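Trainee: Mind having a look at this structure? Questions to follow.
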Amino acid sequence: MLLVNIKVQDPLGGSQATIPTAGTNLVDVLVTKKQEVVVREMGGIMSPIWPKYIKDCSTLMFMVDMSNRLQVAAGCILLLTTLSDRSLVTDKVLILLNKIDLPTCMSRFEFESLFRLDDVLKQSKLQVSVIEVSAHTGQGLGDVLDWLAHNTTGEAS
């Protein structure tokens, strides 16, 4: 997930960028000294097969690339589709707002307005949390680990 950070050099000599996940990864994450969780990372391109895995989730983390304004609308549709999936058995959802360190990222207010987050939360029976992170700098990762420690039981997430 965001703890596995693959970087590539910008051909124009600029800052490094992360690469979106194109497939699926399994990552063991040590949340506390005594608690480890398995995170199944599935890229957005894999969304057609998400329903095969969603029924086995003990928690759900959904990452939004805040720097890619063109993809945010598609991300909103994917999130709403995922949250309304009848096979989703967990009620614990963490939305990760990634790449907040980039100057091109949208603000939290823009995100909440575009996703109509207040309406989603009012209509949902899910416990939805939102954390701003940067997989590149590590900002917010401590908050993610704290959330995982309080919202998982160590099974696959």
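Every chain in the structure tokens takes a letter, A first, then B, and so on in the order presented; its residues are numbered from 1, and the ligands are numbered from 1 following the presented order.
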Using only C-alpha atoms, determine which residues lie at most 7 Å from Phe62 (chain A), disregarding the query and same-chain residues fewer than 6 positions distant; provide the list as a list of chain:residue names.
Mentor: A:Leu94, A:Ile95, A:Leu96
Trainee: Taking only C-alpha atoms into account, name the residue in A:Met66, A:Val93, A:Met106, A:Cys76 that is nearest to Ile54 (chain A).
Mentor: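 The answer is A:Val93, which sits nearest to Ile54 (chain A).
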Trainee: Taking a cut-off of 8 Å and counting only C-alpha atoms, can you build a table that, for each residue of region 26-72 of chain A near region 137-151 of chain A, reports the nearest atom pair and how far apart they are in Å (one decimal), sorted by chain then residue number, as JSON lines?
Mentor:
```
{"residue": "A:Val31", "atom": "CA", "partner": "A:Leu145", "partner_atom": "CA", "distance": 5.5}
{"residue": "A:Thr32", "atom": "CA", "partner": "A:Ala149", "partner_atom": "CA", "distance": 6.9}
{"residue": "A:Gln35", "atom": "CA", "partner": "A:Ala149", "partner_atom": "CA", "distance": 7.3}
{"residue": "A:Thr59", "atom": "CA", "partner": "A:Asn151", "partner_atom": "CA", "distance": 7.2}
```
Trainee: According to DSSP computed on the backbone, where in chain A is there strand (DSSP E or B)? Give the residues as a PyMOL selection string.
Mentor: chain A and resi 7-8+17-18+24-32+35-42+60-65+92-98+127-132+156
Trainee: Quick one: everything within 12 Å of Gly75 (chain A), counting only C-alpha atoms, minus sequence neighbours fewer than 6 positions away in the same chain. Send it as a list in words.
Mentor: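 Near neighbours after the sequence-gap exclusion: Gly43, Gly44, Ile45, Ser47, Phe62, Met63, Val64, Asp65, Met66, Asn68, Arg69, Thr81, Thr82, Ile95, Leu96, Leu97, Phe111, Leu114 and Phe115 of chain A.
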Trainee: Write out the residues from the selection above, keeping C-alpha atoms, as a JSON list (two decimals), in the first residue's frame.
Mentor:
```
[["chain", "number", "residue", "atom", "x", "y", "z"],
["A", 43, "GLY", "CA", -4.79, -0.65, -8.22],
["A", 44, "GLY", "CA", -7.71, 1.25, -9.72],
["A", 45, "ILE", "CA", -7.22, -0.59, -12.98],
["A", 47, "SER", "CA", -11.56, -2.32, -9.99],
["A", 62, "PHE", "CA", -9.38, 3.74, -0.32],
["A", 63, "MET", "CA", -6.62, 5.97, -1.68],
["A", 64, "VAL", "CA", -7.27, 9.12, -3.69],
["A", 65, "ASP", "CA", -4.50, 10.79, -5.71],
["A", 66, "MET", "CA", -5.12, 14.41, -4.75],
["A", 68, "ASN", "CA", -4.57, 14.10, -10.35],
["A", 69, "ARG", "CA", -7.65, 16.28, -10.78],
["A", 81, "THR", "CA", -19.65, 2.06, -5.93],
["A", 82, "THR", "CA", -17.40, 0.33, -3.41],
["A", 95, "ILE", "CA", -10.06, 7.25, 2.87],
["A", 96, "LEU", "CA", -6.45, 8.24, 2.25],
["A", 97, "LEU", "CA", -5.87, 11.56, 0.53],
["A", 111, "PHE", "CA", -12.17, 16.97, -2.20],
["A", 114, "LEU", "CA", -16.48, 17.08, -5.12],
["A", 115, "PHE", "CA", -17.07, 13.78, -3.33]]
```
Trainee: Could you tell me which of A:Cys57, A:Leu30, A:Val128, A:Leu70 comes closest to Leu88 (chain A) if we count only C-alpha atoms?
Mentor: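 Smallest separation from Leu88 (chain A) among the options: A:Cys57.
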Trainee: With distances taken over only C-alpha atoms, which residue among A:Leu79, A:Val38, A:Leu60, A:Ala74 lies nearest Gln127 (chain A)?
Mentor: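 Nearest candidate to Gln127 (chain A) out of A:Leu79, A:Val38, A:Leu60, A:Ala74: A:Leu60.
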Trainee: Taking only region 10-134 of chain A into account, list the residues labelled helix (DSSP H, G or I) by DSSP (computed from the backbone), as a short mmCIF file (atom, residue, chain, number, x, y, z; two decimals) with N, CA and C atoms, in the first residue's frame.
Mentor:
```cif
data_model
loop_
_atom_site.label_atom_id
_atom_site.label_comp_id
_atom_site.auth_asym_id
_atom_site.auth_seq_id
_atom_site.Cartn_x
_atom_site.Cartn_y
_atom_site.Cartn_z
N GLY A 44 -6.42 0.86 -9.15
CA GLY A 44 -7.71 1.25 -9.72
C GLY A 44 -8.03 0.51 -11.00
N ILE A 45 -7.01 0.15 -11.74
CA ILE A 45 -7.22 -0.59 -12.98
C ILE A 45 -7.82 -1.97 -12.70
N MET A 46 -7.66 -2.44 -11.47
CA MET A 46 -8.17 -3.75 -11.07
C MET A 46 -9.61 -3.67 -10.54
N SER A 47 -10.23 -2.50 -10.59
CA SER A 47 -11.56 -2.32 -9.99
C SER A 47 -12.61 -3.31 -10.49
N PRO A 48 -12.55 -3.82 -11.72
CA PRO A 48 -13.56 -4.81 -12.11
C PRO A 48 -13.54 -6.09 -11.26
N ILE A 49 -12.40 -6.41 -10.64
CA ILE A 49 -12.35 -7.63 -9.82
C ILE A 49 -12.40 -7.33 -8.32
N TRP A 50 -12.52 -6.05 -7.94
CA TRP A 50 -12.61 -5.72 -6.52
C TRP A 50 -13.69 -6.51 -5.81
N PRO A 51 -14.89 -6.68 -6.40
CA PRO A 51 -15.94 -7.41 -5.68
C PRO A 51 -15.54 -8.82 -5.26
N LYS A 52 -14.62 -9.44 -5.95
CA LYS A 52 -14.18 -10.79 -5.57
C LYS A 52 -13.43 -10.78 -4.24
N TYR A 53 -12.85 -9.66 -3.89
CA TYR A 53 -12.03 -9.57 -2.69
C TYR A 53 -12.71 -8.79 -1.57
N ILE A 54 -13.66 -7.95 -1.89
CA ILE A 54 -14.23 -7.04 -0.91
C ILE A 54 -14.96 -7.75 0.22
N ARG A 69 -6.28 15.75 -10.74
CA ARG A 69 -7.65 16.28 -10.78
C ARG A 69 -8.50 15.59 -11.83
N LEU A 70 -7.88 15.11 -12.90
CA LEU A 70 -8.64 14.45 -13.96
C LEU A 70 -9.20 13.10 -13.50
N GLN A 71 -8.52 12.45 -12.57
CA GLN A 71 -8.95 11.13 -12.11
C GLN A 71 -9.82 11.17 -10.87
N VAL A 72 -9.92 12.34 -10.23
CA VAL A 72 -10.67 12.41 -8.98
C VAL A 72 -12.14 12.07 -9.19
N ALA A 73 -12.73 12.52 -10.28
CA ALA A 73 -14.14 12.20 -10.54
C ALA A 73 -14.33 10.69 -10.68
N ALA A 74 -13.42 10.04 -11.41
CA ALA A 74 -13.49 8.58 -11.55
C ALA A 74 -13.30 7.92 -10.19
N GLY A 75 -12.40 8.46 -9.37
CA GLY A 75 -12.18 7.93 -8.03
C GLY A 75 -13.42 8.07 -7.17
N CYS A 76 -14.14 9.16 -7.33
CA CYS A 76 -15.38 9.37 -6.58
C CYS A 76 -16.40 8.30 -6.93
N ILE A 77 -16.55 8.01 -8.22
CA ILE A 77 -17.50 6.98 -8.66
C ILE A 77 -17.08 5.62 -8.11
N LEU A 78 -15.78 5.31 -8.17
CA LEU A 78 -15.29 4.03 -7.63
C LEU A 78 -15.55 3.92 -6.13
N LEU A 79 -15.31 5.01 -5.41
CA LEU A 79 -15.54 4.99 -3.96
C LEU A 79 -17.01 4.76 -3.65
N LEU A 80 -17.89 5.49 -4.29
CA LEU A 80 -19.32 5.34 -4.04
C LEU A 80 -19.81 3.94 -4.42
N THR A 81 -19.30 3.42 -5.52
CA THR A 81 -19.65 2.06 -5.93
C THR A 81 -19.18 1.05 -4.90
N THR A 82 -17.97 1.25 -4.41
CA THR A 82 -17.40 0.33 -3.41
C THR A 82 -18.17 0.40 -2.10
N LEU A 83 -18.48 1.61 -1.65
CA LEU A 83 -19.19 1.76 -0.37
C LEU A 83 -20.61 1.20 -0.42
N ARG A 108 -8.41 19.89 0.78
CA ARG A 108 -9.35 18.99 1.45
C ARG A 108 -10.78 19.46 1.21
N PHE A 109 -10.98 20.76 1.24
CA PHE A 109 -12.31 21.32 0.99
C PHE A 109 -12.80 20.96 -0.42
N GLU A 110 -11.91 21.09 -1.41
CA GLU A 110 -12.28 20.72 -2.78
C GLU A 110 -12.67 19.25 -2.86
N PHE A 111 -11.88 18.40 -2.21
CA PHE A 111 -12.17 16.97 -2.20
C PHE A 111 -13.53 16.69 -1.58
N GLU A 112 -13.76 17.24 -0.39
CA GLU A 112 -15.02 16.99 0.31
C GLU A 112 -16.22 17.51 -0.48
N SER A 113 -16.04 18.62 -1.17
CA SER A 113 -17.12 19.17 -2.00
C SER A 113 -17.38 18.28 -3.21
N LEU A 114 -16.33 17.90 -3.91
CA LEU A 114 -16.48 17.08 -5.12
C LEU A 114 -17.06 15.71 -4.81
N LEU A 117 -18.79 14.51 0.47
CA LEU A 117 -18.47 13.64 1.60
C LEU A 117 -19.49 13.76 2.74
N ASP A 118 -19.96 14.97 3.02
CA ASP A 118 -20.95 15.13 4.09
C ASP A 118 -22.20 14.31 3.80
N ASP A 119 -22.67 14.35 2.55
CA ASP A 119 -23.87 13.58 2.17
C ASP A 119 -23.61 12.08 2.26
N VAL A 120 -22.43 11.67 1.81
CA VAL A 120 -22.08 10.24 1.87
C VAL A 120 -22.07 9.76 3.31
N LEU A 121 -21.47 10.55 4.20
CA LEU A 121 -21.37 10.15 5.60
C LEU A 121 -22.74 10.13 6.29
N LYS A 122 -23.61 11.06 5.93
CA LYS A 122 -24.95 11.11 6.52
C LYS A 122 -25.78 9.90 6.11
N GLN A 123 -25.62 9.45 4.88
CA GLN A 123 -26.42 8.35 4.34
C GLN A 123 -25.83 6.98 4.63
#
```
Trainee: Quick one: residues within 9 Å of Leu102 (chain A), only C-alpha atoms, excluding same-chain residues fewer than 2 positions away - as a compact mmCIF listing (two decimals) with C-alpha atoms, in the first residue's frame?
Mentor:
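Saved file result_5.txt follows:
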```txt
# COMPACT_ATOMS: atom_id res chain seq x y z
CA MET A 66 -5.12 14.41 -4.75
CA SER A 67 -2.73 15.69 -7.43
CA LYS A 99 0.13 13.31 -2.56
CA ILE A 100 -0.81 16.26 -0.38
CA THR A 104 -0.85 20.68 -7.72
CA CYS A 105 -2.95 18.78 -5.17
CA SER A 134 2.10 11.69 1.43
```
Trainee: For CA of Lys34 (chain A) and CA of Val89 (chain A), determine how far apart the two atoms are, in Å to one decimal place.
Mentor: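 Between these atoms lies a distance of 25.2 Å.
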Trainee: Give the answer as one residue: which of A:Ser124, A:Ser129, A:Ser107, A:Thr152 has the shortest atom-to-atom distance to Ser84 (chain A), using only C-alpha atoms?
Mentor: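 Ranked by minimum distance to Ser84 (chain A), first place goes to A:Ser124.
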